[in-house]
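Raw start00.cif, mmCIF, C-alpha atoms:
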```cif
data_coords
#
loop_
_atom_site.label_atom_id
_atom_site.label_comp_id
_atom_site.auth_asym_id
_atom_site.auth_seq_id
_atom_site.Cartn_x
_atom_site.Cartn_y
_atom_site.Cartn_z
CA MET Q 1 80.85 116.40 89.52
CA LEU Q 2 81.49 114.73 92.88
CA SER Q 3 79.50 116.16 95.73
CA VAL Q 4 81.32 117.54 98.78
CA ASN Q 5 80.25 116.96 102.35
CA PRO Q 6 80.33 120.48 103.86
CA ALA Q 7 80.39 119.07 107.40
CA MET Q 8 83.75 117.36 106.84
CA PRO Q 9 87.15 119.09 106.78
CA GLY Q 10 88.65 119.77 103.39
CA LEU Q 11 92.23 120.15 102.22
CA HIS Q 12 93.53 121.91 99.10
CA VAL Q 13 97.25 122.12 98.33
CA ASP Q 14 98.93 124.32 95.74
CA PHE Q 15 102.44 123.17 94.75
CA LEU Q 16 104.68 125.99 93.51
CA TRP Q 17 106.97 124.91 90.67
CA LEU Q 18 109.89 127.27 90.05
CA PRO Q 19 112.72 126.80 87.51
CA GLU Q 20 115.05 125.83 90.38
CA THR Q 21 112.59 123.46 92.10
CA MET Q 22 113.94 120.12 93.32
CA MET Q 23 111.50 117.93 91.44
CA GLY Q 24 111.71 115.04 93.88
CA THR Q 25 110.25 117.18 96.67
CA LEU Q 26 107.46 118.30 94.34
CA TRP Q 27 106.48 114.81 93.14
CA ALA Q 28 106.81 113.25 96.59
CA GLY Q 29 104.10 115.54 97.92
CA ILE Q 30 101.83 114.83 94.97
CA ASP Q 31 102.43 111.07 95.32
CA VAL Q 32 101.13 111.23 98.90
CA LEU Q 33 97.94 113.04 97.92
CA GLN Q 34 97.28 110.75 94.95
CA THR Q 35 97.78 107.72 97.18
CA ALA Q 36 95.47 109.20 99.81
CA GLN Q 37 92.76 109.79 97.24
CA MET Q 38 93.17 106.27 95.89
CA ILE Q 39 92.88 104.78 99.39
CA ALA Q 40 89.79 106.90 100.10
CA GLN Q 41 88.24 105.59 96.87
CA MET Q 42 88.92 101.98 97.85
CA GLN Q 43 87.44 102.63 101.29
CA GLN Q 44 84.47 104.37 99.63
CA SER Q 45 85.14 107.34 101.88
CA THR Q 46 83.73 110.80 101.20
CA LEU Q 47 87.18 112.12 102.13
CA GLU Q 48 88.09 111.57 98.48
CA THR Q 49 85.84 114.47 97.49
CA ASN Q 50 87.30 116.79 100.14
CA LEU Q 51 90.88 116.58 98.88
CA SER Q 52 92.27 118.53 95.91
CA TRP Q 53 95.57 119.93 94.68
CA GLN Q 54 97.12 121.74 91.76
CA VAL Q 55 100.60 122.50 90.48
CA ILE Q 56 101.28 126.17 89.77
CA ARG Q 57 104.27 126.73 87.54
CA LEU Q 58 106.21 129.94 87.12
CA GLU Q 59 106.63 130.49 83.38
CA THR Q 60 109.60 132.72 82.55
CA ALA Q 61 109.12 133.00 78.78
CA PRO Q 62 107.95 135.05 77.05
CA GLN Q 63 106.99 136.74 80.33
CA PHE Q 64 106.86 135.95 84.02
CA LYS Q 65 103.48 134.47 84.92
CA LEU Q 66 102.02 131.79 87.19
CA GLN Q 67 100.02 129.12 85.43
CA SER Q 68 98.21 125.98 86.63
CA VAL Q 69 99.62 122.73 85.22
CA GLN Q 70 96.50 120.65 84.62
CA GLU Q 71 98.16 117.29 83.90
CA PHE Q 72 99.77 117.17 87.36
CA SER Q 73 96.79 118.52 89.28
CA SER Q 74 93.84 116.62 90.73
CA LYS Q 75 90.77 116.12 88.56
CA LYS Q 76 88.96 118.62 90.71
CA VAL Q 77 91.46 121.48 90.29
CA LYS Q 78 89.36 124.10 92.03
CA PRO Q 79 89.71 123.92 95.83
CA VAL Q 80 87.06 121.91 97.62
CA GLN Q 81 84.35 124.08 99.08
CA SER Q 82 83.92 122.49 102.48
CA THR Q 83 83.03 124.94 105.23
CA ASP Q 84 86.30 123.99 106.95
CA THR Q 85 88.80 123.78 104.10
CA THR Q 86 92.50 124.38 104.75
CA HIS Q 87 94.45 125.98 101.89
CA ILE Q 88 98.15 125.22 101.90
CA LEU Q 89 100.83 126.53 99.55
CA MET Q 90 103.67 123.99 99.33
CA LEU Q 91 107.11 125.41 98.52
CA PRO Q 92 109.42 122.52 97.52
CA GLY Q 93 113.18 122.64 97.94
CA LEU Q 94 115.31 124.69 95.53
CA TYR Q 95 118.59 123.81 93.82
CA THR Q 96 121.36 126.28 94.73
CA LYS Q 97 125.13 126.13 94.96
CA ASN Q 98 125.37 127.87 98.34
CA ALA Q 99 123.60 130.16 100.80
CA VAL Q 100 124.61 133.30 98.89
CA SER Q 101 123.10 132.11 95.63
CA LEU Q 102 119.98 130.94 97.48
CA TRP Q 103 119.21 134.42 98.71
CA SER Q 104 120.09 136.19 95.46
CA LEU Q 105 117.85 133.74 93.61
CA MET Q 106 114.80 135.36 95.14
CA ASP Q 107 115.56 138.80 93.68
CA LYS Q 108 113.94 137.88 90.35
CA TYR Q 109 110.72 136.42 91.74
CA ALA Q 110 108.66 139.44 92.81
CA LEU Q 111 105.58 137.79 91.26
CA VAL Q 112 105.96 134.82 93.60
CA PHE Q 113 106.13 137.11 96.62
CA GLU Q 114 102.93 138.84 95.53
CA TYR Q 115 101.17 135.50 95.15
CA ILE Q 116 102.23 134.29 98.59
CA THR Q 117 101.27 137.60 100.20
CA GLN Q 118 97.77 137.24 98.76
CA HIS Q 119 97.65 133.61 99.91
CA ARG Q 120 98.44 134.67 103.48
CA ALA Q 121 95.88 137.49 103.30
CA ASN Q 122 93.28 134.80 102.60
CA GLN Q 123 94.35 132.89 105.74
CA GLY Q 124 96.28 130.29 103.76
CA ILE Q 125 99.14 128.33 105.31
CA VAL Q 126 102.64 128.24 103.79
CA ALA Q 127 104.57 124.95 103.91
CA ALA Q 128 108.26 124.99 102.94
CA THR Q 129 110.75 122.18 102.43
CA PHE Q 130 114.54 122.45 102.76
CA THR Q 131 115.80 125.55 100.91
CA GLY Q 132 112.26 126.54 99.96
CA LEU Q 133 112.16 128.10 103.44
CA VAL Q 134 114.02 131.08 101.99
CA ILE Q 135 110.80 132.38 100.40
CA PRO Q 136 108.79 132.86 103.62
CA ALA Q 137 112.01 134.08 105.28
CA ARG Q 138 112.36 136.86 102.68
CA LEU Q 139 108.70 137.80 103.26
CA GLY Q 140 109.22 138.14 107.01
CA LEU Q 141 106.89 135.25 107.81
CA LEU Q 142 109.47 133.67 110.12
CA ASN Q 143 109.92 136.75 112.31
CA GLY Q 144 109.41 135.92 115.96
CA GLN Q 145 109.28 132.18 115.21
CA LYS Q 146 111.55 129.35 116.35
CA VAL Q 147 112.50 127.47 113.22
CA SER Q 148 114.65 124.51 112.21
CA VAL Q 149 116.80 125.05 109.14
CA HIS Q 150 119.21 122.73 107.35
CA TRP Q 151 122.74 122.93 108.76
CA ALA Q 152 124.29 123.79 105.39
CA TYR Q 153 122.25 127.00 105.15
CA LYS Q 154 121.82 127.94 108.80
CA SER Q 155 124.46 130.68 108.96
CA GLY Q 156 122.89 132.42 105.97
CA PHE Q 157 119.46 132.43 107.58
CA VAL Q 158 120.80 133.57 110.96
CA SER Q 159 122.69 136.53 109.46
CA ARG Q 160 119.90 137.66 107.13
CA VAL Q 161 116.85 137.14 109.36
CA PRO Q 162 117.89 138.17 112.88
CA GLN Q 163 114.23 138.54 113.87
CA ALA Q 164 113.79 134.74 113.82
CA ASP Q 165 115.22 132.04 116.09
CA PHE Q 166 116.88 129.29 114.02
CA SER Q 167 117.88 127.07 116.92
CA GLY Q 168 115.00 124.62 116.38
CA GLN Q 169 115.97 120.95 116.12
CA GLU Q 170 112.77 119.23 114.94
CA ALA Q 171 112.82 117.67 111.45
CA ILE Q 172 109.20 118.68 110.74
CA SER Q 173 107.09 121.46 112.23
CA LEU Q 174 103.38 122.12 111.74
CA LEU Q 175 103.22 125.38 113.67
CA PRO Q 176 101.54 128.20 111.69
CA PRO Q 177 101.95 130.46 109.88
CA VAL Q 178 104.76 128.49 108.22
CA TYR Q 179 105.02 124.70 108.27
CA HIS Q 180 108.51 123.50 107.45
CA CYS Q 181 110.51 120.36 106.72
CA VAL Q 182 114.28 120.48 107.14
CA ALA Q 183 115.45 117.69 104.82
CA PRO Q 184 114.20 116.74 101.32
CA SER Q 185 114.18 113.06 102.34
CA ASP Q 186 111.35 113.79 104.79
CA GLN Q 187 109.04 115.34 102.21
CA MET Q 188 106.65 112.35 102.14
CA GLU Q 189 106.33 112.30 105.93
CA PHE Q 190 105.85 116.08 105.83
CA MET Q 191 102.95 115.77 103.41
CA VAL Q 192 101.45 112.82 105.29
CA SER Q 193 101.61 114.80 108.55
CA ILE Q 194 99.79 117.71 106.92
CA LEU Q 195 97.18 115.29 105.59
CA GLY Q 196 96.63 113.84 109.05
CA SER Q 197 96.46 117.24 110.71
CA HIS Q 198 93.95 118.82 108.32
CA LEU Q 199 91.93 116.00 106.76
CA SER Q 200 92.09 112.58 108.46
CA ASP Q 201 94.60 110.94 110.76
CA ASP Q 202 93.25 107.51 109.79
CA LEU Q 203 93.87 108.28 106.11
CA ALA Q 204 97.36 109.52 106.94
CA GLN Q 205 98.14 106.27 108.78
CA ALA Q 206 96.88 104.27 105.80
CA CYS Q 207 99.25 106.24 103.55
CA ARG Q 208 102.16 105.48 105.88
CA SER Q 209 101.33 101.77 105.70
CA VAL Q 210 101.39 101.85 101.92
CA LEU Q 211 104.25 104.29 101.22
CA PHE Q 212 106.76 103.66 104.00
CA PHE Q 213 108.85 100.59 104.72
CA GLN Q 214 107.63 98.78 107.84
CA SER Q 215 109.87 95.91 108.88
CA LYS Q 216 107.37 94.36 111.28
CA ARG Q 217 104.66 94.19 108.63
CA GLN Q 218 107.18 92.70 106.21
CA GLU Q 219 107.91 89.92 108.70
CA ILE Q 220 104.24 89.30 109.53
CA THR Q 221 103.21 89.21 105.88
CA ASP Q 222 106.05 86.85 104.98
CA ASP Q 223 104.94 84.43 107.69
CA MET Q 224 101.28 84.68 106.63
CA VAL Q 225 102.19 83.95 103.02
CA LYS Q 226 104.22 80.90 104.08
CA GLN Q 227 101.26 79.67 106.13
CA LYS Q 228 99.00 80.37 103.12
CA TRP Q 229 96.78 82.72 105.12
CA LEU Q 230 97.23 85.29 102.36
CA SER Q 231 96.83 82.90 99.44
CA ARG Q 232 94.10 83.32 96.86
CA THR Q 233 90.66 82.95 98.37
CA ALA Q 234 89.35 79.39 98.51
CA ASP Q 235 86.17 80.63 96.87
CA SER Q 236 88.08 81.57 93.71
CA PRO Q 237 87.86 79.31 90.63
CA ILE Q 238 91.57 79.86 90.04
CA TYR Q 239 92.40 78.90 93.62
CA ARG Q 240 90.40 75.66 93.32
CA ALA Q 241 92.03 74.80 89.99
CA VAL Q 242 95.57 75.58 91.19
CA GLN Q 243 95.12 73.63 94.41
CA TRP Q 244 93.95 70.57 92.47
CA MET Q 245 96.76 70.74 89.89
CA ASP Q 246 99.42 71.17 92.58
CA ALA Q 247 98.13 68.02 94.29
CA HIS Q 248 97.79 66.00 91.06
CA LEU Q 249 100.82 66.94 88.94
CA ALA Q 250 101.22 63.41 87.63
CA GLU Q 251 97.65 63.09 86.36
CA PRO Q 252 96.83 63.68 82.65
CA TYR Q 253 95.75 67.22 81.85
CA SER Q 254 92.07 67.73 81.02
CA LEU Q 255 90.66 71.26 80.67
CA SER Q 256 87.07 70.03 80.95
CA LYS Q 257 87.83 68.15 84.17
CA LEU Q 258 89.68 71.14 85.60
CA ALA Q 259 86.80 73.50 84.74
CA GLY Q 260 84.43 71.13 86.55
CA ILE Q 261 86.65 71.19 89.65
CA ALA Q 262 86.80 75.01 89.47
CA ARG Q 263 83.01 75.12 88.94
CA VAL Q 264 83.16 77.42 85.92
CA SER Q 265 83.06 76.97 82.15
CA GLU Q 266 86.24 76.15 80.26
CA ARG Q 267 86.14 79.54 78.57
CA THR Q 268 85.77 81.38 81.90
CA LEU Q 269 88.60 79.40 83.47
CA LEU Q 270 90.95 80.19 80.58
CA ARG Q 271 90.04 83.88 80.72
CA GLN Q 272 90.55 84.15 84.48
CA PHE Q 273 93.87 82.29 84.42
CA LYS Q 274 95.18 84.59 81.69
CA SER Q 275 93.97 87.68 83.53
CA VAL Q 276 95.31 86.78 86.98
CA LEU Q 277 98.39 84.63 86.30
CA GLY Q 278 99.22 85.56 82.72
CA LEU Q 279 99.25 81.83 81.87
CA THR Q 280 96.88 79.17 80.62
CA PRO Q 281 96.08 76.31 83.02
CA LEU Q 282 98.26 73.99 80.92
CA GLN Q 283 101.18 76.42 81.02
CA TYR Q 284 100.83 76.68 84.79
CA LEU Q 285 100.74 72.89 85.11
CA GLN Q 286 103.84 72.46 82.94
CA GLN Q 287 105.62 75.11 84.98
CA GLN Q 288 104.90 73.22 88.20
CA ARG Q 289 105.86 69.88 86.65
CA ILE Q 290 109.24 71.25 85.58
CA GLU Q 291 109.81 72.57 89.10
CA ARG Q 292 109.16 69.07 90.45
CA ALA Q 293 111.52 67.59 87.88
CA LYS Q 294 114.28 70.04 88.82
CA LEU Q 295 113.91 69.12 92.48
CA MET Q 296 114.05 65.38 91.69
CA PHE Q 297 117.16 65.77 89.52
CA GLU Q 298 118.82 67.72 92.35
CA VAL Q 299 118.14 65.37 95.28
CA THR Q 300 117.45 61.89 93.88
CA ILE Q 301 119.19 59.33 91.65
CA ASP Q 302 115.97 58.39 89.88
CA THR Q 303 116.18 57.79 86.14
CA VAL Q 304 114.84 60.33 83.69
CA GLN Q 305 111.99 57.91 82.91
CA THR Q 306 111.01 57.76 86.58
CA VAL Q 307 111.13 61.55 86.87
CA ALA Q 308 109.03 61.90 83.71
CA THR Q 309 106.37 59.55 85.13
CA ALA Q 310 106.35 61.36 88.48
CA CYS Q 311 105.80 64.64 86.65
CA GLY Q 312 102.92 63.42 84.51
CA TYR Q 313 104.73 62.74 81.22
CA ALA Q 314 104.07 59.43 79.46
CA ASP Q 315 107.35 59.51 77.55
CA VAL Q 316 110.84 60.78 78.29
CA GLY Q 317 110.93 62.81 75.08
CA SER Q 318 108.19 65.16 76.26
CA LEU Q 319 110.00 65.84 79.51
CA ARG Q 320 113.33 66.38 77.79
CA ARG Q 321 111.83 68.84 75.32
CA LEU Q 322 109.91 70.88 77.89
CA PHE Q 323 112.75 70.77 80.41
CA LEU Q 324 115.24 72.09 77.85
CA ARG Q 325 112.82 74.87 76.86
CA ALA Q 326 112.31 75.92 80.49
CA THR Q 327 115.87 75.69 81.81
CA GLY Q 328 118.07 75.99 78.73
CA VAL Q 329 119.85 72.70 79.47
CA PRO Q 330 118.87 69.01 79.11
CA PRO Q 331 118.09 66.97 82.27
CA GLY Q 332 121.49 65.22 82.36
CA VAL Q 333 123.45 68.49 82.27
CA TYR Q 334 121.14 70.04 84.87
CA ARG Q 335 121.68 67.09 87.21
CA LYS Q 336 125.48 67.33 86.96
CA ARG Q 337 125.44 71.08 87.66
CA PHE Q 338 122.90 71.23 90.47
CA ALA Q 339 122.92 67.84 92.23
CA LEU Q 340 122.70 68.27 96.02
CA ARG Q 341 123.84 64.75 96.92
CA THR Q 342 127.08 63.67 98.51
CA GLN Q 343 129.18 61.87 95.93
CA ARG Q 344 129.38 58.13 96.76
CA SER Q 345 130.45 55.12 94.77
CA ARG Q 346 127.36 53.16 95.86
CA TRP Q 347 123.96 54.16 97.20
CA ARG Q 348 121.42 52.16 99.17
CA VAL Q 349 117.93 52.85 100.32
CA GLY Q 350 117.90 54.68 103.64
CA ASP Q 351 121.13 56.61 103.07
CA ASP Q 352 120.91 60.17 104.43
#
```
Would you kindly transcribe this structure into structure tokens?
Amino acid sequence: MLSVNPAMPGLHVDFLWLPETMMGTLWAGIDVLQTAQMIAQMQQSTLETNLSWQVIRLETAPQFKLQSVQEFSSKKVKPVQSTDTTHILMLPGLYTKNAVSLWSLMDKYALVFEYITQHRANQGIVAATFTGLVIPARLGLLNGQKVSVHWAYKSGFVSRVPQADFSGQEAISLLPPVYHCVAPSDQMEFMVSILGSHLSDDLAQACRSVLFFQSKRQEITDDMVKQKWLSRTADSPIYRAVQWMDAHLAEPYSLSKLAGIARVSERTLLRQFKSVLGLTPLQYLQQQRIERAKLMFEVTIDTVQTVATACGYADVGSLRRLFLRATGVPPGVYRKRFALRTQRSRWRVGDD
């Protein structure tokens, strides 16, 4: 059992799964918490032990009852016992045809209302996404509050809950007693915001970096990869072996020599190549040699024999066989299809 640091904040989330639940909004919230826990583990942070969640499903047969779904809950299903633990009940969006059916849907879920009432009595927070907001609305939890509601259902909320102000325009609100998210597409940001507010803002930012598209980071990473700043570490046996092979494609292959360059045994080198690249060193070398051959066939008029020699093959037959296996066509056909040279009747050295 993992120990919990009682001095740190804790967060426990219950996800309510109804028959009409929009499953995407349910799983998106769980994906955020699983990612957060994974990041905390990698950072060796004690925050991992102060985060828990469970899925509570409403079973309608043979009788109405709420039951925890273990396979979708955290390993530590019981809420963390930090002295400052926030308990949140997440109400995902609900599938309905229109506002009328949304409100009538709630008539059969008295058990859910009882559960939420008890949750609020224990100082728990309710968080609702999209049409899931109808549940706290029916319980009167929105009375006196300024709330944002999706445009397609606004008139229904305004007419049925006159005690609340539905003129709010924010996409996400974390004002108690009811947190709410207007659109299903914002469910991940909703959950990340809750995580940052009640557990760790640093962990929330790390989740955003991993889960959300960030164009600037895409550009920076692309440039770093091109400059080989993010290549395999130079202290890696695989890195040393790959660097040497890339620089000596034309040299005869020798596993023992390559292992010596990588400073590991032959057996270790083979195992690490297979584990990291899914290839043997020889397969990697042949792959790189064929790439060189393709480039030469595209931009030079060198003979097949010359290309074979440049790629480390003593005879043309070996190149032809491996080239056909890799590309599906023989060298001559490949050259005709993919040559990048201007067609001229005669060529001379120095032509551009």
Reference answer for the PyMOL selection byres ((chain Q and resi 44-60) around 6), as a ChimeraX atom specification: /Q:4,10-18,37,40-43,61,63-69,73-74,77,79-80
Residue nearest Asp302 (chain Q) among Q:His150, Q:Lys97, Q:His119, Q:Arg335 (counting all atoms listed in the file): Q:Arg335
Between CA of Thr35 (chain Q) and CA of Val210 (chain Q) - distance in Å to one decimal: 8.4 Å
Separation of CA of Cys311 (chain Q) from CA of Arg289 (chain Q) in Å: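 That distance, rounded to one decimal, is 5.2 Å.
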Residues returned when the PyMOL selection byres ((chain Q and resi 176) around 9) runs on this file, as a list in words: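 For this structure, the PyMOL selection byres ((chain Q and resi 176) around 9) captures Ile125, Val126, Ala127, Ser173, Leu174, Leu175, Pro177, Val178 and Tyr179 of chain Q.
Considering the residues Q:Thr303, Q:Leu249, Q:Gln272, Q:Leu26 and counting only C-alpha atoms, Glu291 (chain Q) has its shortest atom-to-atom contact with Q:Leu249.
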Best match for closeness to Gln305 (chain Q) among Q:Val100, Q:Ala259, Q:Ala128, Q:Ala293, counting only C-alpha atoms: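 Of Q:Val100, Q:Ala259, Q:Ala128, Q:Ala293, the one nearest Gln305 (chain Q) is Q:Ala293, counting only C-alpha atoms.
The space between CA of Ala204 (chain Q) and CA of Ser185 (chain Q) spans 17.8 Å.
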Nearby residues, (122.2, 68.5, 91.0) file frame, 12 Å, all atoms listed in the file, as a ChimeraX atom specification: /Q:293-302,331-343
Picked residues, the PyMOL selection byres ((chain Q and resi 163) around 10), as a list in words: Ala137, Gly140, Leu142, Asn143, Gly144, Gln145, Lys146, Val158, Ser159, Arg160, Val161, Pro162, Ala164, Asp165 and Phe166 of chain Q
Would you export the selected residues with C-alpha atoms as an mmCIF file, in the frame of the given file, please?
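Output file out09.cif follows:
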```
data_model
loop_
_atom_site.group_PDB
_atom_site.id
_atom_site.type_symbol
_atom_site.label_atom_id
_atom_site.label_comp_id
_atom_site.auth_asym_id
_atom_site.auth_seq_id
_atom_site.Cartn_x
_atom_site.Cartn_y
_atom_site.Cartn_z
ATOM 1 C CA ALA Q 137 112.010 134.080 105.280
ATOM 2 C CA GLY Q 140 109.220 138.140 107.010
ATOM 3 C CA LEU Q 142 109.470 133.670 110.120
ATOM 4 C CA ASN Q 143 109.920 136.750 112.310
ATOM 5 C CA GLY Q 144 109.410 135.920 115.960
ATOM 6 C CA GLN Q 145 109.280 132.180 115.210
ATOM 7 C CA LYS Q 146 111.550 129.350 116.350
ATOM 8 C CA VAL Q 158 120.800 133.570 110.960
ATOM 9 C CA SER Q 159 122.690 136.530 109.460
ATOM 10 C CA ARG Q 160 119.900 137.660 107.130
ATOM 11 C CA VAL Q 161 116.850 137.140 109.360
ATOM 12 C CA PRO Q 162 117.890 138.170 112.880
ATOM 13 C CA ALA Q 164 113.790 134.740 113.820
ATOM 14 C CA ASP Q 165 115.220 132.040 116.090
ATOM 15 C CA PHE Q 166 116.880 129.290 114.020
#
```
Near-Leu285 (chain Q) list (9 Å; only C-alpha atoms; drop same-chain fewer than 6 positions) as a PyMOL selection string: chain Q and resi 242+245-246+249+253
Enumerate, in order of chain and increasing residue number, the residues of region 86-111 of chain Q with an atom no farther than 10 Å from region 187-194 of chain Q, each with its shortest atom pair and distance in Å to one decimal, counting all atoms listed in the file, as a tab-separated table.
```
residue	atom	partner	partner_atom	distance
Q:Ile88	CA	Q:Ile194	CA	9.2
Q:Met90	CA	Q:Met191	CA	9.2
Q:Pro92	CA	Q:Gln187	CA	8.6
Q:Gly93	CA	Q:Gln187	CA	9.4
```
